[in-house]
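Shown here: target_10.tsv, TSV, C-alpha atoms (C1' of nucleotides).
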chain	number	residue	atom	x	y	z
R	1	MET	CA	7.91	-21.69	1.25
R	2	LYS	CA	4.66	-23.37	2.15
R	3	GLY	CA	3.60	-26.63	0.49
R	4	LYS	CA	0.81	-26.84	-2.03
R	5	THR	CA	-2.69	-27.35	-0.71
R	6	ARG	CA	-4.81	-30.20	-2.06
R	7	ALA	CA	-7.01	-27.60	-3.70
R	8	GLN	CA	-4.03	-26.23	-5.61
R	9	GLU	CA	-2.86	-29.68	-6.59
R	10	ILE	CA	-6.27	-30.59	-7.98
R	11	CYS	CA	-6.54	-27.42	-10.06
R	12	LYS	CA	-3.04	-27.94	-11.43
R	13	GLU	CA	-3.82	-31.52	-12.30
R	14	LEU	CA	-7.02	-30.57	-14.06
R	15	GLY	CA	-5.57	-27.56	-15.83
R	16	LEU	CA	-7.89	-25.15	-14.03
R	17	LYS	CA	-6.90	-21.67	-12.98
R	18	LEU	CA	-6.22	-21.17	-9.31
R	19	THR	CA	-8.86	-18.64	-8.39
R	20	PRO	CA	-9.57	-17.81	-4.75
R	21	GLN	CA	-13.19	-18.90	-5.14
R	22	ARG	CA	-12.16	-22.30	-6.44
R	23	MET	CA	-9.63	-22.69	-3.68
R	24	ALA	CA	-12.34	-22.00	-1.13
R	25	ILE	CA	-14.81	-24.43	-2.71
R	26	LEU	CA	-12.21	-27.16	-3.03
R	27	GLY	CA	-11.03	-26.47	0.50
R	28	TYR	CA	-14.56	-26.85	1.79
R	29	LEU	CA	-15.06	-30.10	-0.10
R	30	ASP	CA	-11.72	-31.70	0.81
R	31	GLY	CA	-12.42	-34.51	3.24
R	32	ASN	CA	-16.03	-33.39	3.62
R	33	ILE	CA	-18.18	-36.43	4.35
R	34	ALA	CA	-21.48	-34.57	4.77
R	35	HIS	CA	-22.48	-34.86	1.09
R	36	PRO	CA	-23.39	-31.17	0.82
R	37	SER	CA	-25.73	-29.67	-1.74
R	38	ALA	CA	-24.72	-26.79	-4.00
R	39	GLU	CA	-26.57	-24.45	-1.67
R	40	ASP	CA	-24.77	-25.85	1.37
R	41	ILE	CA	-21.48	-25.20	-0.36
R	42	TYR	CA	-22.53	-21.71	-1.40
R	43	SER	CA	-23.62	-20.84	2.13
R	44	ALA	CA	-20.42	-22.06	3.70
R	45	VAL	CA	-18.03	-20.58	1.17
R	46	SER	CA	-19.76	-17.24	0.73
R	47	LYS	CA	-19.16	-16.51	4.39
R	48	ARG	CA	-15.51	-16.06	3.49
R	49	PHE	CA	-16.26	-14.64	0.04
R	50	PRO	CA	-19.22	-12.33	0.56
R	51	GLY	CA	-19.36	-11.31	-3.08
R	52	MET	CA	-19.37	-14.75	-4.58
R	53	SER	CA	-21.99	-15.92	-7.04
R	54	ARG	CA	-23.98	-19.10	-6.91
R	55	ALA	CA	-23.05	-19.57	-10.56
R	56	THR	CA	-19.42	-19.96	-9.57
R	57	VAL	CA	-20.34	-22.79	-7.26
R	58	TYR	CA	-22.35	-24.50	-9.98
R	59	ASN	CA	-19.60	-23.93	-12.54
R	60	THR	CA	-16.92	-25.31	-10.28
R	61	LEU	CA	-18.96	-28.33	-9.29
R	62	ALA	CA	-19.68	-29.08	-12.94
R	63	SER	CA	-15.99	-28.93	-13.89
R	64	LEU	CA	-14.97	-31.16	-11.03
R	65	ARG	CA	-17.76	-33.62	-11.81
R	66	ASP	CA	-16.90	-33.68	-15.51
R	67	LYS	CA	-13.25	-34.34	-14.74
R	68	GLY	CA	-14.06	-37.16	-12.34
R	69	LYS	CA	-13.01	-35.38	-9.16
R	70	LEU	CA	-16.47	-35.21	-7.66
R	71	LEU	CA	-19.48	-37.48	-7.51
R	72	GLU	CA	-22.91	-36.01	-8.11
R	73	LEU	CA	-25.43	-37.97	-6.08
R	74	THR	CA	-29.10	-38.18	-6.99
R	75	ILE	CA	-30.00	-39.90	-3.75
R	76	ASP	CA	-31.86	-36.90	-2.33
R	77	PRO	CA	-35.05	-36.24	-4.32
R	78	ALA	CA	-34.97	-32.53	-3.49
R	79	LYS	CA	-31.51	-31.64	-4.75
R	80	LYS	CA	-28.18	-32.95	-5.92
R	81	ARG	CA	-25.62	-33.82	-3.28
R	82	TYR	CA	-21.88	-33.86	-3.83
R	83	ASP	CA	-19.23	-36.29	-2.66
R	84	PRO	CA	-15.50	-35.55	-2.99
R	85	ASP	CA	-14.74	-39.21	-2.34
R	86	THR	CA	-14.71	-40.62	-5.85
R	87	LYS	CA	-13.73	-44.15	-4.93
R	88	PRO	CA	-16.62	-46.53	-5.63
R	89	HIS	CA	-18.82	-46.79	-2.56
R	90	HIS	CA	-22.47	-46.72	-1.59
R	91	HIS	CA	-24.79	-44.57	0.50
R	92	LEU	CA	-27.35	-44.64	3.25
R	93	ILE	CA	-29.92	-41.85	3.47
R	94	CYS	CA	-32.09	-40.95	6.44
R	95	LEU	CA	-35.63	-40.57	5.16
R	96	GLU	CA	-36.32	-38.07	7.92
R	97	CYS	CA	-33.39	-35.64	8.06
R	98	LYS	CA	-31.87	-36.49	4.68
R	99	ARG	CA	-28.44	-37.08	6.18
R	100	VAL	CA	-26.30	-39.19	3.87
R	101	SER	CA	-23.67	-41.60	5.17
R	102	ASP	CA	-21.05	-43.60	3.33
R	103	ILE	CA	-21.12	-47.36	3.03
R	104	ASP	CA	-17.56	-48.44	2.33
R	105	ARG	CA	-18.24	-51.99	1.51
R	106	MET	CA	-18.07	-54.09	-1.61
R	107	PHE	CA	-21.02	-56.02	-2.96
R	108	ASP	CA	-21.13	-58.56	-5.71
R	109	LEU	CA	-23.43	-57.01	-8.26
R	110	GLU	CA	-22.77	-59.36	-11.14
R	111	LEU	CA	-25.41	-59.00	-13.85
R	112	PRO	CA	-25.58	-61.98	-16.22
R	113	ASP	CA	-28.46	-60.50	-18.16
R	114	SER	CA	-27.67	-56.84	-18.75
R	115	LEU	CA	-30.36	-56.43	-21.41
R	116	GLY	CA	-27.79	-55.57	-24.03
R	117	TYR	CA	-26.56	-52.55	-22.07
R	118	ASP	CA	-22.93	-51.62	-21.73
R	119	ILE	CA	-22.85	-51.24	-17.97
R	120	THR	CA	-20.34	-48.74	-16.64
R	121	GLY	CA	-21.16	-48.51	-12.96
R	122	ASN	CA	-23.57	-49.00	-10.13
R	123	HIS	CA	-24.61	-47.46	-6.86
R	124	ILE	CA	-26.62	-48.78	-3.96
R	125	GLU	CA	-28.92	-46.52	-1.98
R	126	PHE	CA	-29.91	-47.77	1.43
R	127	TYR	CA	-32.92	-46.11	3.03
R	128	GLY	CA	-33.76	-45.83	6.68
R	129	TYR	CA	-33.68	-43.70	9.80
R	130	CYS	CA	-30.51	-42.42	11.40
R	131	PRO	CA	-29.83	-42.86	15.13
R	132	GLU	CA	-31.10	-39.37	15.98
R	133	CYS	CA	-34.29	-39.57	13.92
R	134	ARG	CA	-35.03	-43.10	15.13
R	135	SER	CA	-35.34	-41.92	18.69
R	136	THR	CA	-37.46	-38.91	17.84
R	137	ARG	CA	-39.90	-40.93	15.78
R	138	THR	CA	-43.48	-41.41	16.92
T	139	MET	CA	-71.98	-56.28	-17.08
T	140	LYS	CA	-68.34	-55.59	-17.55
T	141	GLY	CA	-65.82	-56.52	-14.85
T	142	LYS	CA	-63.96	-53.97	-12.78
T	143	THR	CA	-60.80	-52.52	-14.26
T	144	ARG	CA	-57.57	-52.60	-12.27
T	145	ALA	CA	-57.82	-48.84	-11.95
T	146	GLN	CA	-61.21	-49.15	-10.29
T	147	GLU	CA	-60.00	-51.91	-8.00
T	148	ILE	CA	-57.06	-49.84	-6.84
T	149	CYS	CA	-59.19	-46.79	-6.06
T	150	LYS	CA	-61.69	-48.93	-4.17
T	151	GLU	CA	-58.91	-50.53	-2.19
T	152	LEU	CA	-57.37	-47.20	-1.31
T	153	GLY	CA	-60.66	-45.48	-0.56
T	154	LEU	CA	-60.23	-42.98	-3.37
T	155	LYS	CA	-63.07	-41.62	-5.46
T	156	LEU	CA	-63.37	-43.02	-8.96
T	157	THR	CA	-62.86	-39.92	-11.05
T	158	PRO	CA	-62.34	-40.17	-14.80
T	159	GLN	CA	-58.97	-38.43	-14.51
T	160	ARG	CA	-57.75	-40.94	-11.97
T	161	MET	CA	-59.01	-43.82	-14.06
T	162	ALA	CA	-57.06	-42.49	-17.02
T	163	ILE	CA	-53.86	-41.99	-15.02
T	164	LEU	CA	-54.10	-45.42	-13.42
T	165	GLY	CA	-54.95	-46.95	-16.77
T	166	TYR	CA	-51.87	-45.38	-18.28
T	167	LEU	CA	-49.66	-46.60	-15.45
T	168	ASP	CA	-51.01	-50.15	-15.30
T	169	GLY	CA	-48.35	-52.47	-16.65
T	170	ASN	CA	-46.28	-49.51	-17.86
T	171	ILE	CA	-42.60	-50.45	-17.75
T	172	ALA	CA	-41.28	-47.19	-19.23
T	173	HIS	CA	-40.85	-45.45	-15.86
T	174	PRO	CA	-42.58	-42.27	-17.03
T	175	SER	CA	-42.13	-38.83	-15.49
T	176	ALA	CA	-45.06	-36.73	-14.28
T	177	GLU	CA	-44.85	-34.76	-17.51
T	178	ASP	CA	-44.89	-37.97	-19.59
T	179	ILE	CA	-48.02	-39.03	-17.79
T	180	TYR	CA	-49.61	-35.61	-18.19
T	181	SER	CA	-48.87	-35.56	-21.93
T	182	ALA	CA	-50.28	-39.01	-22.51
T	183	VAL	CA	-53.37	-38.67	-20.38
T	184	SER	CA	-54.28	-35.12	-21.40
T	185	LYS	CA	-54.69	-36.31	-24.97
T	186	ARG	CA	-57.85	-38.05	-23.80
T	187	PHE	CA	-58.68	-35.37	-21.22
T	188	PRO	CA	-57.89	-32.08	-22.91
T	189	GLY	CA	-58.95	-30.03	-19.90
T	190	MET	CA	-56.92	-31.82	-17.31
T	191	SER	CA	-54.54	-30.05	-14.97
T	192	ARG	CA	-50.97	-30.98	-14.22
T	193	ALA	CA	-51.87	-30.61	-10.54
T	194	THR	CA	-54.22	-33.57	-10.85
T	195	VAL	CA	-51.38	-35.71	-12.09
T	196	TYR	CA	-49.13	-34.62	-9.23
T	197	ASN	CA	-51.94	-35.11	-6.70
T	198	THR	CA	-52.76	-38.57	-7.96
T	199	LEU	CA	-49.14	-39.66	-8.08
T	200	ALA	CA	-48.63	-38.41	-4.53
T	201	SER	CA	-51.64	-40.36	-3.22
T	202	LEU	CA	-50.57	-43.53	-4.94
T	203	ARG	CA	-46.99	-43.14	-3.73
T	204	ASP	CA	-48.12	-42.43	-0.16
T	205	LYS	CA	-50.33	-45.49	-0.17
T	206	GLY	CA	-47.57	-47.72	-1.50
T	207	LYS	CA	-49.06	-48.32	-4.92
T	208	LEU	CA	-46.36	-46.50	-6.84
T	209	LEU	CA	-42.61	-46.15	-6.57
T	210	GLU	CA	-41.07	-42.73	-6.99
T	211	LEU	CA	-37.62	-43.16	-8.51
T	212	THR	CA	-34.85	-40.61	-8.08
T	213	ILE	CA	-32.61	-42.33	-10.60
T	214	ASP	CA	-32.95	-39.59	-13.22
T	215	PRO	CA	-31.23	-36.41	-12.06
T	216	ALA	CA	-33.57	-34.24	-14.11
T	217	LYS	CA	-36.91	-35.41	-12.76
T	218	LYS	CA	-38.75	-38.02	-10.77
T	219	ARG	CA	-39.77	-41.18	-12.58
T	220	TYR	CA	-42.63	-43.43	-11.57
T	221	ASP	CA	-42.90	-47.20	-11.45
T	222	PRO	CA	-46.22	-48.99	-10.91
T	223	ASP	CA	-44.35	-52.20	-10.12
T	224	THR	CA	-43.95	-51.94	-6.36
T	225	LYS	CA	-42.28	-55.29	-5.84
T	226	PRO	CA	-38.66	-54.80	-4.74
T	227	HIS	CA	-36.43	-54.64	-7.78
T	228	HIS	CA	-33.59	-52.59	-9.20
T	229	HIS	CA	-32.95	-50.36	-12.21
T	230	LEU	CA	-30.62	-49.74	-15.07
T	231	ILE	CA	-30.45	-46.26	-16.62
T	232	CYS	CA	-28.99	-45.29	-19.96
T	233	LEU	CA	-26.73	-42.31	-19.40
T	234	GLU	CA	-27.45	-41.13	-22.92
T	235	CYS	CA	-31.20	-41.41	-23.52
T	236	LYS	CA	-32.26	-41.79	-19.88
T	237	ARG	CA	-34.25	-44.92	-20.60
T	238	VAL	CA	-34.82	-46.93	-17.43
T	239	SER	CA	-35.07	-50.71	-17.43
T	240	ASP	CA	-36.00	-53.11	-14.67
T	241	ILE	CA	-33.55	-55.52	-13.08
T	242	ASP	CA	-35.63	-58.29	-11.57
T	243	ARG	CA	-32.94	-59.98	-9.65
T	244	MET	CA	-32.16	-60.41	-5.99
T	245	PHE	CA	-28.87	-59.34	-4.46
T	246	ASP	CA	-27.53	-60.03	-1.03
T	247	LEU	CA	-27.15	-56.59	0.47
T	248	GLU	CA	-26.55	-57.60	4.06
T	249	LEU	CA	-25.14	-54.70	6.10
T	250	PRO	CA	-23.45	-55.80	9.32
T	251	ASP	CA	-22.46	-52.25	10.19
T	252	SER	CA	-25.50	-50.07	9.56
T	253	LEU	CA	-24.08	-47.11	11.52
T	254	GLY	CA	-26.93	-47.25	13.97
T	255	TYR	CA	-29.52	-46.70	11.26
T	256	ASP	CA	-32.81	-48.52	11.12
T	257	ILE	CA	-32.61	-49.64	7.51
T	258	THR	CA	-35.92	-50.03	5.73
T	259	GLY	CA	-34.95	-50.64	2.15
T	260	ASN	CA	-32.45	-50.41	-0.64
T	261	HIS	CA	-32.22	-49.86	-4.34
T	262	ILE	CA	-29.45	-50.47	-6.85
T	263	GLU	CA	-28.91	-48.15	-9.78
T	264	PHE	CA	-26.91	-49.57	-12.64
T	265	TYR	CA	-25.50	-47.06	-15.12
T	266	GLY	CA	-24.55	-47.62	-18.70
T	267	TYR	CA	-25.55	-47.32	-22.33
T	268	CYS	CA	-28.56	-49.06	-23.84
T	269	PRO	CA	-28.28	-51.11	-27.04
T	270	GLU	CA	-29.45	-48.21	-29.23
T	271	CYS	CA	-27.21	-45.58	-27.69
T	272	ARG	CA	-24.21	-47.93	-27.66
T	273	SER	CA	-24.26	-48.18	-31.43
T	274	THR	CA	-24.72	-44.46	-31.97
T	275	ARG	CA	-21.84	-43.57	-29.67
T	276	THR	CA	-18.64	-42.09	-31.05
V	277	DC	C1'	-84.01	-38.95	-7.82
V	278	DC	C1'	-82.47	-35.11	-5.04
V	279	DT	C1'	-79.48	-33.06	-1.74
V	280	DT	C1'	-75.57	-32.60	0.85
V	281	DT	C1'	-70.87	-32.99	1.70
V	282	DC	C1'	-66.35	-33.46	1.30
V	283	DA	C1'	-62.79	-35.12	-1.80
V	284	DT	C1'	-61.09	-33.78	-6.01
V	285	DT	C1'	-60.02	-30.90	-9.87
V	286	DT	C1'	-58.62	-26.76	-11.78
V	287	DA	C1'	-55.78	-22.55	-13.41
V	288	DG	C1'	-52.51	-20.12	-12.11
V	289	DA	C1'	-49.27	-18.35	-8.94
V	290	DT	C1'	-45.25	-19.71	-6.40
V	291	DT	C1'	-41.13	-21.91	-4.93
V	292	DC	C1'	-36.85	-23.74	-5.50
V	293	DA	C1'	-32.89	-25.93	-7.82
V	294	DT	C1'	-30.39	-25.34	-11.65
V	295	DT	C1'	-28.89	-23.40	-16.12
V	296	DC	C1'	-28.00	-19.71	-19.04
V	297	DT	C1'	-26.37	-15.11	-20.60
V	298	DA	C1'	-23.55	-11.40	-21.56
V	299	DA	C1'	-20.57	-8.24	-19.60
V	300	DA	C1'	-16.78	-7.41	-16.34
V	301	DT	C1'	-12.79	-9.33	-14.19
V	302	DT	C1'	-8.56	-11.71	-13.53
V	303	DG	C1'	-4.97	-15.60	-13.68
V	304	DA	C1'	-1.43	-17.17	-16.48
V	305	DT	C1'	1.78	-16.68	-20.02
V	306	DA	C1'	4.93	-14.23	-22.98
A	307	DT	C1'	3.50	-5.22	-18.21
A	308	DA	C1'	0.28	-6.41	-21.97
A	309	DT	C1'	-2.60	-9.80	-23.73
A	310	DC	C1'	-6.01	-13.22	-23.92
A	311	DA	C1'	-8.72	-16.83	-22.68
A	312	DA	C1'	-10.72	-18.64	-18.63
A	313	DT	C1'	-13.45	-17.32	-14.93
A	314	DT	C1'	-16.65	-14.75	-12.20
A	315	DT	C1'	-20.63	-12.17	-11.74
A	316	DA	C1'	-25.70	-10.57	-11.33
A	317	DG	C1'	-29.58	-11.54	-12.79
A	318	DA	C1'	-32.73	-13.53	-16.07
A	319	DA	C1'	-34.63	-17.85	-17.61
A	320	DT	C1'	-35.98	-22.57	-17.23
A	321	DG	C1'	-38.26	-26.47	-15.49
A	322	DA	C1'	-39.94	-29.57	-11.96
A	323	DA	C1'	-42.81	-29.60	-8.27
A	324	DT	C1'	-45.84	-27.48	-4.75
A	325	DC	C1'	-49.37	-24.58	-3.23
A	326	DT	C1'	-53.73	-21.88	-3.33
A	327	DA	C1'	-58.46	-20.86	-3.33
A	328	DA	C1'	-62.41	-21.40	-5.87
A	329	DA	C1'	-65.31	-24.49	-8.75
A	330	DT	C1'	-66.72	-29.13	-9.53
A	331	DG	C1'	-68.45	-33.63	-8.93
A	332	DA	C1'	-68.58	-38.54	-6.81
A	333	DA	C1'	-70.93	-40.93	-3.53
A	334	DA	C1'	-73.95	-41.71	0.37
A	335	DG	C1'	-78.43	-40.98	2.64
A	336	DG	C1'	-82.92	-39.67	2.51

Reformat the file's structure so that it appears as structure tokens.
Amino acid sequence: MKGKTRAQEICKELGLKLTPQRMAILGYLDGNIAHPSAEDIYSAVSKRFPGMSRATVYNTLASLRDKGKLLELTIDPAKKRYDPDTKPHHHLICLECKRVSDIDRMFDLELPDSLGYDITGNHIEFYGYCPECRSTRT
Amino acid sequence: MKGKTRAQEICKELGLKLTPQRMAILGYLDGNIAHPSAEDIYSAVSKRFPGMSRATVYNTLASLRDKGKLLELTIDPAKKRYDPDTKPHHHLICLECKRVSDIDRMFDLELPDSLGYDITGNHIEFYGYCPECRSTRT
DNA sequence: CCTTTCATTTAGATTCATTCTAAATTGATA
DNA sequence: TATCAATTTAGAATGAATCTAAATGAAAGG
């Protein structure tokens, strides 16, 4: 009767089993622009699934990342952050509160001298202070 | 008789004591374009200073980073990498062997809509495969 | 040169993110 | 419904990085 959720569609497409834990993780990630860490995801999802293991979160994130459905960001030195928006875009991190925002803008990053590398992608990290942290700064 | 080394100059300038361990670490970093990790630095330097502690490496790197004499790169998901070249520049990482190369090129990264952030810097990460890893790839 | 002092070094414990393991569970298919 | 491989699980293990408290030593003044 009811239509398929995005979570279900993604699992089908990737040939992954539709487990309740995966549905919950995918549901939490869908449209999430906060760039959560694995722990953030675990905290949020385990509220609904009290028995769930951290390993399940890590396993699921790894599958999604490997199949190109999730970006793993190394912008935060303390931990990996995840972005369900896999279209090429860039990020802005607040050096104070570590909030990460999207920069949906194209830049010309032509590299005439690529040192013999086969370049497959790029990512710009902008650093600064978010509106909230700016005002609280000494 | 002999002139001051760069390591000595840097410590003087930063008001740090000239300890043999620091001299060795700074000596190892000076002109180093390999973007070593803390462990790389520890391995190299402890050959000459068998008794040295890892904590000394971390302490020294933190002082240098805090005083703007060293860049801490988050480009490698597994660990922090350090760059003694503090002039603004970008990096290229080999997804296979994790080698990091410098990109000494300027890009126009104007951001009209900075989402209310006070932007203090930026850094481009280029991803790809280095000449060696390219040829070994299946 | 000697003394004092405070920065620095040290070994080791600790934290924290992440990965691994092996056994138990469960979705999907027949 | 039975089967089987994928998945989940708890907890151990790993590895980078930080912290601790005590020992050491560089540097400044006498």

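Close to (-33.9, -33.4, -2.3), meaning no more than 10 Å away when counting only C-alpha atoms (C1' of nucleotides), sit the residues Ser37, Thr74, Ile75, Asp76, Pro77, Ala78, Lys79, Lys80, Arg81 and Lys98 of chain R; Thr212 of chain T; DA293 of chain V.
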
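Of note, CA of Asn260 (chain T) and CA of Leu111 (chain R) are spaced 17.3 Å apart.
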
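Those residues of chain A that fall within 12 Å of chain R when using only C-alpha atoms (C1' of nucleotides) read DA311, DA312, DT313, DT314, DT315, DA316, DG317, DA322 and DA323 of chain A.
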
Reference chain R, mobile chain T, all Cα atoms fitted, written as a short mmCIF file (atom, residue, chain, number, x, y, z; two decimals) with C-alpha atoms, in the frame of the given file:
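Wrote it out as part10.cif, contents follow:
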data_model
loop_
_atom_site.label_atom_id
_atom_site.label_comp_id
_atom_site.auth_asym_id
_atom_site.auth_seq_id
_atom_site.Cartn_x
_atom_site.Cartn_y
_atom_site.Cartn_z
CA MET T 139 7.77 -21.73 1.71
CA LYS T 140 4.52 -23.44 2.40
CA GLY T 141 3.58 -26.65 0.57
CA LYS T 142 0.81 -26.85 -1.98
CA THR T 143 -2.70 -27.37 -0.68
CA ARG T 144 -4.82 -30.21 -2.05
CA ALA T 145 -7.01 -27.61 -3.70
CA GLN T 146 -4.04 -26.22 -5.60
CA GLU T 147 -2.87 -29.69 -6.59
CA ILE T 148 -6.26 -30.58 -7.98
CA CYS T 149 -6.52 -27.42 -10.07
CA LYS T 150 -3.01 -27.93 -11.41
CA GLU T 151 -3.81 -31.50 -12.30
CA LEU T 152 -7.00 -30.54 -14.07
CA GLY T 153 -5.53 -27.52 -15.82
CA LEU T 154 -7.84 -25.11 -14.04
CA LYS T 155 -6.86 -21.62 -12.97
CA LEU T 156 -6.19 -21.14 -9.28
CA THR T 157 -8.85 -18.63 -8.36
CA PRO T 158 -9.58 -17.81 -4.73
CA GLN T 159 -13.20 -18.90 -5.15
CA ARG T 160 -12.16 -22.29 -6.45
CA MET T 161 -9.63 -22.69 -3.68
CA ALA T 162 -12.35 -22.00 -1.13
CA ILE T 163 -14.82 -24.43 -2.72
CA LEU T 164 -12.21 -27.17 -3.03
CA GLY T 165 -11.03 -26.47 0.49
CA TYR T 166 -14.56 -26.86 1.76
CA LEU T 167 -15.06 -30.11 -0.12
CA ASP T 168 -11.74 -31.70 0.80
CA GLY T 169 -12.42 -34.51 3.23
CA ASN T 170 -16.05 -33.41 3.60
CA ILE T 171 -18.20 -36.45 4.33
CA ALA T 172 -21.49 -34.57 4.74
CA HIS T 173 -22.49 -34.86 1.07
CA PRO T 174 -23.39 -31.17 0.80
CA SER T 175 -25.75 -29.67 -1.78
CA ALA T 176 -24.73 -26.78 -4.04
CA GLU T 177 -26.59 -24.44 -1.71
CA ASP T 178 -24.77 -25.86 1.34
CA ILE T 179 -21.49 -25.20 -0.39
CA TYR T 180 -22.55 -21.71 -1.44
CA SER T 181 -23.63 -20.83 2.11
CA ALA T 182 -20.43 -22.06 3.66
CA VAL T 183 -18.04 -20.60 1.15
CA SER T 184 -19.78 -17.24 0.72
CA LYS T 185 -19.17 -16.52 4.39
CA ARG T 186 -15.52 -16.08 3.48
CA PHE T 187 -16.28 -14.64 0.03
CA PRO T 188 -19.22 -12.32 0.55
CA GLY T 189 -19.35 -11.31 -3.10
CA MET T 190 -19.38 -14.74 -4.59
CA SER T 191 -22.00 -15.90 -7.05
CA ARG T 192 -23.99 -19.10 -6.93
CA ALA T 193 -23.06 -19.57 -10.59
CA THR T 194 -19.42 -19.95 -9.59
CA VAL T 195 -20.35 -22.80 -7.30
CA TYR T 196 -22.36 -24.51 -10.02
CA ASN T 197 -19.60 -23.93 -12.58
CA THR T 198 -16.92 -25.31 -10.31
CA LEU T 199 -18.95 -28.33 -9.31
CA ALA T 200 -19.67 -29.07 -12.97
CA SER T 201 -15.98 -28.92 -13.91
CA LEU T 202 -14.96 -31.15 -11.06
CA ARG T 203 -17.75 -33.62 -11.83
CA ASP T 204 -16.88 -33.67 -15.54
CA LYS T 205 -13.25 -34.32 -14.76
CA GLY T 206 -14.06 -37.14 -12.36
CA LYS T 207 -13.01 -35.38 -9.19
CA LEU T 208 -16.47 -35.21 -7.68
CA LEU T 209 -19.48 -37.48 -7.53
CA GLU T 210 -22.90 -36.00 -8.13
CA LEU T 211 -25.42 -37.98 -6.10
CA THR T 212 -29.09 -38.18 -7.01
CA ILE T 213 -30.00 -39.90 -3.76
CA ASP T 214 -31.86 -36.90 -2.35
CA PRO T 215 -35.06 -36.26 -4.30
CA ALA T 216 -34.97 -32.55 -3.49
CA LYS T 217 -31.52 -31.67 -4.79
CA LYS T 218 -28.19 -32.96 -5.97
CA ARG T 219 -25.62 -33.81 -3.32
CA TYR T 220 -21.88 -33.85 -3.86
CA ASP T 221 -19.23 -36.28 -2.69
CA PRO T 222 -15.51 -35.55 -3.02
CA ASP T 223 -14.74 -39.21 -2.36
CA THR T 224 -14.71 -40.62 -5.88
CA LYS T 225 -13.74 -44.15 -4.96
CA PRO T 226 -16.63 -46.54 -5.65
CA HIS T 227 -18.82 -46.79 -2.58
CA HIS T 228 -22.46 -46.73 -1.59
CA HIS T 229 -24.78 -44.56 0.50
CA LEU T 230 -27.31 -44.63 3.25
CA ILE T 231 -29.89 -41.83 3.49
CA CYS T 232 -32.06 -40.94 6.44
CA LEU T 233 -35.61 -40.57 5.19
CA GLU T 234 -36.29 -38.06 7.94
CA CYS T 235 -33.37 -35.62 8.07
CA LYS T 236 -31.85 -36.48 4.69
CA ARG T 237 -28.42 -37.07 6.18
CA VAL T 238 -26.28 -39.19 3.87
CA SER T 239 -23.65 -41.59 5.16
CA ASP T 240 -21.04 -43.60 3.32
CA ILE T 241 -21.12 -47.37 3.03
CA ASP T 242 -17.57 -48.45 2.32
CA ARG T 243 -18.25 -52.00 1.51
CA MET T 244 -18.07 -54.09 -1.62
CA PHE T 245 -21.03 -56.02 -2.96
CA ASP T 246 -21.14 -58.57 -5.71
CA LEU T 247 -23.45 -57.00 -8.26
CA GLU T 248 -22.77 -59.34 -11.15
CA LEU T 249 -25.44 -59.00 -13.86
CA PRO T 250 -25.57 -61.98 -16.22
CA ASP T 251 -28.49 -60.51 -18.14
CA SER T 252 -27.69 -56.85 -18.74
CA LEU T 253 -30.41 -56.45 -21.40
CA GLY T 254 -27.85 -55.57 -24.01
CA TYR T 255 -26.62 -52.58 -22.05
CA ASP T 256 -22.98 -51.64 -21.73
CA ILE T 257 -22.89 -51.26 -17.97
CA THR T 258 -20.38 -48.76 -16.64
CA GLY T 259 -21.19 -48.54 -12.98
CA ASN T 260 -23.59 -49.01 -10.13
CA HIS T 261 -24.61 -47.47 -6.86
CA ILE T 262 -26.64 -48.78 -3.94
CA GLU T 263 -28.93 -46.52 -1.97
CA PHE T 264 -29.89 -47.76 1.45
CA TYR T 265 -32.90 -46.09 3.06
CA GLY T 266 -33.73 -45.82 6.71
CA TYR T 267 -33.65 -43.69 9.82
CA CYS T 268 -30.47 -42.40 11.42
CA PRO T 269 -29.78 -42.84 15.14
CA GLU T 270 -31.06 -39.35 15.99
CA CYS T 271 -34.24 -39.55 13.95
CA ARG T 272 -34.97 -43.09 15.16
CA SER T 273 -35.27 -41.89 18.73
CA THR T 274 -37.40 -38.88 17.86
CA ARG T 275 -39.84 -40.94 15.82
CA THR T 276 -43.38 -41.51 17.02
#

Output the contact residues of chain T with respect to chain R at a cut-off of 8 Å, based on only C-alpha atoms, as a short mmCIF file (atom, residue, chain, number, x, y, z; two decimals) with C-alpha atoms, keeping the file's coordinate frame.
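This went into iface_8.cif:
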data_model
loop_
_atom_site.label_atom_id
_atom_site.label_comp_id
_atom_site.auth_asym_id
_atom_site.auth_seq_id
_atom_site.Cartn_x
_atom_site.Cartn_y
_atom_site.Cartn_z
CA THR T 212 -34.85 -40.61 -8.08
CA ILE T 213 -32.61 -42.33 -10.60
CA ASP T 214 -32.95 -39.59 -13.22
CA PRO T 215 -31.23 -36.41 -12.06
CA LYS T 218 -38.75 -38.02 -10.77
CA CYS T 232 -28.99 -45.29 -19.96
CA PHE T 245 -28.87 -59.34 -4.46
CA ASP T 246 -27.53 -60.03 -1.03
CA LEU T 247 -27.15 -56.59 0.47
CA LEU T 253 -24.08 -47.11 11.52
CA GLY T 254 -26.93 -47.25 13.97
CA TYR T 255 -29.52 -46.70 11.26
CA ASP T 256 -32.81 -48.52 11.12
CA ILE T 257 -32.61 -49.64 7.51
CA THR T 258 -35.92 -50.03 5.73
CA GLY T 259 -34.95 -50.64 2.15
CA ASN T 260 -32.45 -50.41 -0.64
CA HIS T 261 -32.22 -49.86 -4.34
CA ILE T 262 -29.45 -50.47 -6.85
CA GLU T 263 -28.91 -48.15 -9.78
CA PHE T 264 -26.91 -49.57 -12.64
CA TYR T 265 -25.50 -47.06 -15.12
CA GLY T 266 -24.55 -47.62 -18.70
CA TYR T 267 -25.55 -47.32 -22.33
CA CYS T 268 -28.56 -49.06 -23.84
CA PRO T 269 -28.28 -51.11 -27.04
CA ARG T 272 -24.21 -47.93 -27.66
#

What residues in chain V lie within 10 Å of chain T, counting only C-alpha atoms (C1' of nucleotides), written as a PyMOL selection string? chain V and resi 283-287+294
